[in-house]
Amino acid sequence: MTSRYQEPLQSPGFLLWHATLRWQRLMTVTLKKHSLTHGQFVMLASLWWLTEHGARPSQRQLADHAGTDLTMTSQVLRVLERQGHIVREPDPHDARTRCLGLTAQGRRVVLGALPEVEEADHRFLGPVSDAACFTQGLKELTTT
């Protein structure tokens, strides 16, 4: 059995693996000063974005928006609730569902971290010359 690539760094998957590891390390460093993990930031930023656009999302809606597993989402939300960043309130239309909201503290934390995360993303992904192509490629990967 042989590989179609003569060198590992010719493999797009291997390159993506390395890029992902480097990007995750950058996010860890960037978010450390805000006392957030990357998963916590994604939940807070997604919740902020959804509520800014008029939604009062449930846990499932937040997980769908963030592209995260429902169990992981639940675990991260419990931590964020204990830290005082979010609230879970009964849905007036469905007693089994809780609506999510940011606290004032959670809003301050996410809005403090967001510009730094976006700048880190820009520095890391700046060499990607065709962002639309990159984004489309990711969308295609997630729908197959």
# chains A, B, ... in the order shown; residues from 1 in each chain; ligands from 1
$ residues_around --residues "stretch 47-56 of chain A" --least-positions-apart "3" --cutoff "8 Å" --atoms "only C-alpha atoms" --output "VMD selection string"
chain A and resid 43 to 44 62 99 to 102 107 110
$ closest_atom_pairs --of "stretch 12-63 of chain A" --to "stretch 69-92 of chain A" --cutoff "8 Å" --atoms "only C-alpha atoms" --output "Markdown table"
| residue | atom | partner | partner_atom | distance |
| --- | --- | --- | --- | --- |
| A:Gly39 | CA | A:Val76 | CA | 7.1 |
| A:Gln40 | CA | A:Val76 | CA | 6.1 |
| A:Met43 | CA | A:Leu77 | CA | 7.5 |
| A:Gln59 | CA | A:Ser74 | CA | 7.2 |
| A:Arg60 | CA | A:Leu70 | CA | 6.5 |
| A:Ala63 | CA | A:Leu70 | CA | 5.8 |
$ write_last_selection --atoms "all heavy atoms" --output "short mmCIF file (atom, residue, chain, number, x, y, z; two decimals), in the first residue's frame"
data_model
loop_
_atom_site.label_atom_id
_atom_site.label_comp_id
_atom_site.auth_asym_id
_atom_site.auth_seq_id
_atom_site.Cartn_x
_atom_site.Cartn_y
_atom_site.Cartn_z
N GLY A 39 -14.57 26.31 24.09
CA GLY A 39 -15.96 25.88 24.07
C GLY A 39 -16.89 26.86 24.78
O GLY A 39 -18.00 27.14 24.32
N GLN A 40 -16.44 27.39 25.91
CA GLN A 40 -17.23 28.38 26.64
C GLN A 40 -17.41 29.65 25.81
O GLN A 40 -18.50 30.22 25.74
CB GLN A 40 -16.58 28.71 27.98
CG GLN A 40 -16.62 27.58 28.96
CD GLN A 40 -15.73 27.82 30.16
OE1 GLN A 40 -14.85 28.68 30.16
NE2 GLN A 40 -15.96 27.03 31.21
N MET A 43 -19.99 29.11 23.05
CA MET A 43 -21.36 29.14 23.57
C MET A 43 -21.79 30.58 23.88
O MET A 43 -22.89 31.01 23.51
CB MET A 43 -21.49 28.30 24.84
CG MET A 43 -21.36 26.81 24.65
SD MET A 43 -22.64 26.12 23.59
CE MET A 43 -21.61 25.55 22.25
N GLN A 59 -31.54 25.42 24.54
CA GLN A 59 -30.25 24.73 24.52
C GLN A 59 -30.03 24.04 23.17
O GLN A 59 -28.95 24.09 22.60
CB GLN A 59 -30.22 23.72 25.66
CG GLN A 59 -28.91 23.01 25.83
CD GLN A 59 -28.93 22.20 27.11
OE1 GLN A 59 -29.08 22.77 28.18
NE2 GLN A 59 -28.77 20.90 26.99
N ARG A 60 -31.06 23.39 22.64
CA ARG A 60 -30.95 22.72 21.34
C ARG A 60 -30.68 23.71 20.23
O ARG A 60 -29.86 23.47 19.36
CB ARG A 60 -32.21 21.92 21.03
CG ARG A 60 -32.14 21.29 19.63
CD ARG A 60 -33.22 20.29 19.35
NE ARG A 60 -33.20 19.12 20.18
CZ ARG A 60 -32.30 18.12 20.09
NH1 ARG A 60 -31.34 18.18 19.21
NH2 ARG A 60 -32.38 17.08 20.89
N ALA A 63 -27.08 24.76 20.46
CA ALA A 63 -26.21 23.68 19.98
C ALA A 63 -26.23 23.60 18.46
O ALA A 63 -25.18 23.45 17.82
CB ALA A 63 -26.61 22.34 20.60
#
$ residues_around --residues "stretch 8-20 of chain A" --least-positions-apart "3" --cutoff "12 Å" --atoms "only C-alpha atoms" --output "PyMOL selection string"
chain A and resi 3-5+23-27+121+124-125+138
$ write_last_selection --atoms "N, CA, C and O atoms" --output "PDB file, in the first residue's frame"
ATOM      1  N   SER A   3       0.908   5.766  -0.440  1.00  0.00           N
ATOM      2  CA  SER A   3       0.147   7.005  -0.332  1.00  0.00           C
ATOM      3  C   SER A   3       0.216   7.761  -1.651  1.00  0.00           C
ATOM      4  O   SER A   3       1.195   7.660  -2.380  1.00  0.00           O
ATOM      5  N   ARG A   4      -0.801   8.513  -1.932  1.00  0.00           N
ATOM      6  CA  ARG A   4      -0.768   9.348  -3.131  1.00  0.00           C
ATOM      7  C   ARG A   4       0.183  10.528  -2.953  1.00  0.00           C
ATOM      8  O   ARG A   4       0.513  11.205  -3.899  1.00  0.00           O
ATOM      9  N   TYR A   5       0.627  10.770  -1.717  1.00  0.00           N
ATOM     10  CA  TYR A   5       1.509  11.900  -1.432  1.00  0.00           C
ATOM     11  C   TYR A   5       2.921  11.414  -1.150  1.00  0.00           C
ATOM     12  O   TYR A   5       3.122  10.430  -0.441  1.00  0.00           O
ATOM     13  N   TRP A  23      -4.178  26.675  15.533  1.00  0.00           N
ATOM     14  CA  TRP A  23      -5.258  27.627  15.776  1.00  0.00           C
ATOM     15  C   TRP A  23      -5.857  27.409  17.170  1.00  0.00           C
ATOM     16  O   TRP A  23      -6.126  28.370  17.887  1.00  0.00           O
ATOM     17  N   GLN A  24      -6.018  26.143  17.585  1.00  0.00           N
ATOM     18  CA  GLN A  24      -6.557  25.863  18.915  1.00  0.00           C
ATOM     19  C   GLN A  24      -5.626  26.391  20.007  1.00  0.00           C
ATOM     20  O   GLN A  24      -6.096  26.929  21.015  1.00  0.00           O
ATOM     21  N   ARG A  25      -4.316  26.246  19.803  1.00  0.00           N
ATOM     22  CA  ARG A  25      -3.369  26.795  20.788  1.00  0.00           C
ATOM     23  C   ARG A  25      -3.490  28.314  20.869  1.00  0.00           C
ATOM     24  O   ARG A  25      -3.457  28.893  21.956  1.00  0.00           O
ATOM     25  N   LEU A  26      -3.644  28.969  19.722  1.00  0.00           N
ATOM     26  CA  LEU A  26      -3.804  30.422  19.695  1.00  0.00           C
ATOM     27  C   LEU A  26      -5.078  30.833  20.430  1.00  0.00           C
ATOM     28  O   LEU A  26      -5.075  31.783  21.213  1.00  0.00           O
ATOM     29  N   MET A  27      -6.168  30.113  20.208  1.00  0.00           N
ATOM     30  CA  MET A  27      -7.425  30.424  20.898  1.00  0.00           C
ATOM     31  C   MET A  27      -7.290  30.220  22.403  1.00  0.00           C
ATOM     32  O   MET A  27      -7.790  31.023  23.185  1.00  0.00           O
ATOM     33  N   ASP A 121      -7.987  35.450  14.947  1.00  0.00           N
ATOM     34  CA  ASP A 121      -8.436  34.776  13.721  1.00  0.00           C
ATOM     35  C   ASP A 121      -7.889  35.478  12.484  1.00  0.00           C
ATOM     36  O   ASP A 121      -7.417  34.835  11.546  1.00  0.00           O
ATOM     37  N   PHE A 124      -4.199  34.758  12.119  1.00  0.00           N
ATOM     38  CA  PHE A 124      -3.952  33.367  11.757  1.00  0.00           C
ATOM     39  C   PHE A 124      -4.432  33.045  10.352  1.00  0.00           C
ATOM     40  O   PHE A 124      -3.755  32.361   9.588  1.00  0.00           O
ATOM     41  N   LEU A 125      -5.614  33.524  10.006  1.00  0.00           N
ATOM     42  CA  LEU A 125      -6.222  33.177   8.722  1.00  0.00           C
ATOM     43  C   LEU A 125      -6.011  34.232   7.647  1.00  0.00           C
ATOM     44  O   LEU A 125      -6.458  34.053   6.514  1.00  0.00           O
ATOM     45  N   LEU A 138     -15.758  24.651   3.764  1.00  0.00           N
ATOM     46  CA  LEU A 138     -16.165  24.167   5.083  1.00  0.00           C
ATOM     47  C   LEU A 138     -17.635  23.767   5.078  1.00  0.00           C
ATOM     48  O   LEU A 138     -18.023  22.769   5.674  1.00  0.00           O
TER      49      LEU A 138
END
$ atom_distance --atom1 "atom CA of A:Lys32" --atom2 "atom CA of A:Val117"
11.1 Å
$ select_by_dssp --residues "stretch 10-120 of chain A" --states "helix (DSSP H, G or I)" --output "PyMOL selection string"
chain A and resi 10+12-32+38-52+59-66+70-82+104-120
$ select_by_dssp --residues "stretch 18-97 of chain A" --states "strand (DSSP E)" --output "PyMOL selection string"
chain A and resi 86-91+94-97
$ atom_distance --atom1 "atom CA of A:His122" --atom2 "atom CA of A:Val29"
15.2 Å
$ atom_distance --atom1 "atom CA of A:Val42" --atom2 "atom CA of A:Asp94"
25.8 Å
